[in-house]
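One structure is given below, encoded as structure tokens.
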Amino acid sequence: MKRLIPRSLQFRISWIYMLISVFTIGTIGTVLYVGISRAVMNESIQSADSAISKSGNLVEMYIDRLKVLTTMLAQNPQTIQTLSSPTKEGEQVELQLIHLALLSDPNIKSVVVIGKDGYVLSNETKLNMIRSSNMMNEPWYVAAINSTNPVLTSARMQKFSMDKNNWVISMSQEIRDANGRNLGVVLLDIEYKGIENYMNDLDLGRTGFAFIINSSGGIVYHNDPSYFTDADKQDQLRMISMSKQGYQASDNRWVNQTKLRNSDWTLVGVSSLDGLQQVRNQLLRSFFLVGLGLLLLIILVSPFLAKSITRPIRRLEQAMQKVKSGTLEVSVSETGATEVQGLAQHFNSMVTEMRRLMQDIETKEKTLHKYELSVLHSQINPHFLYNTLDTIVWMAEFNESERVISTTKALAKFFQLSLSGGSEFTTVENEMNHVAQYLFIQKERYGDKLNYHLHFDPDLSAKVIPKIILQPLVENAIYHGIREKEGPGLLLVTCLPSDDGNVQFVVQDDGVGFDPGVRAKAIKEESTLSLPKLGGVGINNVDERLKLYYGEQYGITLQSRPGEGTTVRIVIP
């Protein structure tokens with residue numbers, strides 16, 4: 001199936017460059033968006049807090065001023081004197097005080113001084129109030145005595161109506177004599193607009209609003225009169241007043257709650273932060289347009305940038321194709337980026353090394369071929385075959401059919417393992433089995449003269465090694481060690497892992513042995529080989545094969561002493 005996405009280096013560089021650019025633009029845009037949004041939001045919040053704080057301060061100051069006014073009226077000696085001993089002259093003076101109070105604030109609707117016996121002085125000529133000779137029996141009178149907070153109500157305690165012009169903020173103050181006994185109450189009614197004027201100019205956004213709520217959950221102020229009669233809307237305001245102050249991301253609004261001093265009122269401002277949303281929308285549009293323009297520029301520029309980077313690599317690729325086709329007489333110019341120059345240098349060095357290695361391989365193949373012929377020759381050793389068949393004939397003449405059968409089977413198994421399917425390699429298990437068949441045949445020939453023992457680690461049974469590396473060593477031990485010894489001999493063949501992680505084969509006999517120093521001197525005079533060629537393919541053949549496969553540090557080590565036997569070791573990585 002044809003690939004849908006090109007995998008060329010130029011294409012990938014272009015894509016990576018574009019992805020990095022898009023990521024960079026996105027990251028910068030996000031940082032700017034978040035930073036500017038946060039700055040605008042902080043500015044909007046500060047503006048809203050400042051407006052709420054200003055309005056709250058104005059309302060607090062207004063309430064404080066009204067409380068001072070009611071206190072002045074309640075504690076005025078003339079007021080106390082008039083309620084204690086009413087006279088015409090006293091009434092006139094008290095009415096003048098009430099008139100002065102009305103002049104102090106145009107929003108004061110009425111001032112009422114009422115005694116505990118129902119005696120009343122007011123700027124209003126017709127008062128619609130419940131009165132009696134003992135006002136302590138009237139609930140509204142007792143409530144006025146105990147009240148220390150302004151209360152929103154309709155004028156003159158009537159049933160609350162939706163006519164805002166009839167709404168007043170009532171302030172009351174108890175009048176006491178010098179002994180602290182109740183004489184009456186001062187009632188001060190301020191038109192609702194007196195508070196409303198401080199709130200209507202609040203700028204809290206397109207959908208923002210402010211309201212005042214008292215400690216019992218009653219609504220004192222809201223720009224929309226429907227909130228004073230709709231229970232659901234009142235519950236919404238109560239939930240807002242009880243919610244956590246601060247930014248509410250779900251509604252994109254800022255809630256500010258301010259307790260008003262000297263009252264049980266709480267001023268709550270809900271700013272819709274419209275300016276923040278407008279800035280965010282504008283930022284998104286600007287970032288989108290700028291990002292789109294930069295992306296188009298990157299799409300146009302990235303192919304040319306990628307092509308300039310990949311041109312030297314393409315030349316290197318063409319040179320590699322020539323090497324792949326078999327031409328080693330190539331080189332590339334070492335130009336371009338530093339990394340590409342390094343690649344070109346390494347490529348040229350590699351081609352030079354390849355030419356050298358090809359020559360070495362050719363030489364080693366010739367050597368290996370020579371050893372392969374030697375191995376094939378050793379697989380059908382005529383002397384060994386003749387001696388074995390002669391032994392079988394001798395057994396047959398003495399009617400030892402079982403020994404004939406076992407020896408013949410061992411011979412067949414020996415040659416089967418020698419051939420190894422035509423492969424030059426076998427496993428440790430097969431190699432040990434091959435030696436076991438050889439020793440079984442030789443045991444039938446030499447009888448009690450030859451004793452042997454084989455052992456190998458089962459964990460190494462599947463280890464792959466060159467074939468026929470033990471049989472020449474065993475053959476050498478029998479013919480040049482044990483056979484020359486007087487009496488029976490013992491041959492040990494083991495295969496175990498060494499401490500350094502290699503595999504070690506040991507062929508040890510207790511034969512006649514020899515002096516390695518004398519042997520080496522004699523061989524030096526006769527040959528250039530470092531080990532004696534003794535029996536079959538010979539130790540030198542095995543040693544050189546191992547060095548050819550695994551390197552010069554591997555091969556055969558030989559230890560021997562006259563009369564004590566010989567130990568031969570093979571180490572394989």
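As shown in the structure tokens, the chain order sets the letters A, B, ...; within each chain, residues go from 1, and ligands are also counted from 1 in the order they appear.
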request  = Show which residues sit within 12 Å of Ile441 in chain A, as a ChimeraX atom specification. Count only C-alpha atoms, and ignore same-chain residues fewer than 6 positions away.
outcome  = /A:384-385,387-392,403-414,434-435,447,450-452,475
task = Might you pull out every residue within 9 Å of Leu95 in chain A, with only C-alpha atoms counted and same-chain residues fewer than 5 positions away left off, and present them as a list in words?
result = Gly90, Leu100, Leu121, Ser122 and Asn123 of chain A
inquiry  = List the spatial neighbours of Leu188 in chain A as a VMD selection string - criterion: any atom at most 6 Å away, only C-alpha atoms, same-chain residues fewer than 5 positions off excluded.
reply    = chain A and resid 111 170 to 171
request  = Give the strand (DSSP E) residues of range 149-387 of chain A, as assigned by DSSP on the backbone, as a ChimeraX atom specification.
outcome  = /A:151-154,167-176,182-191,209-214,219-222,246-248,253-259,265-271
query = Any idea what's packed within 12 Å of Thr266 in chain A, counting only C-alpha atoms, ignoring anything in its chain fewer than 2 positions away? Could you give it as an MDAnalysis selection string?
reply = chainID A and resid 52:53 55:57 59:60 210:221 237:238 240:242 256:264 268:269
inquiry  = According to DSSP computed on the backbone, where in range 210-373 of chain A is there alpha helix (DSSP H)? Give the residues as a ChimeraX atom specification.
reply    = /A:231-242,274-324,338-373
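Compared by their closest atoms to Lys116 in chain A, and using only C-alpha atoms, the residues A:Val31, A:Gly184, A:Val255, A:Ile98 rank with A:Gly184 nearest.
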ask   = Got a sec: who's within 12 Å of Met41 in chain A, counting only C-alpha atoms, leaving out chain neighbours fewer than 5 positions off, as an NGL selection string?
value = :A and (33-36 or 46-49 or 246-249 or 252-254 or 271-280)
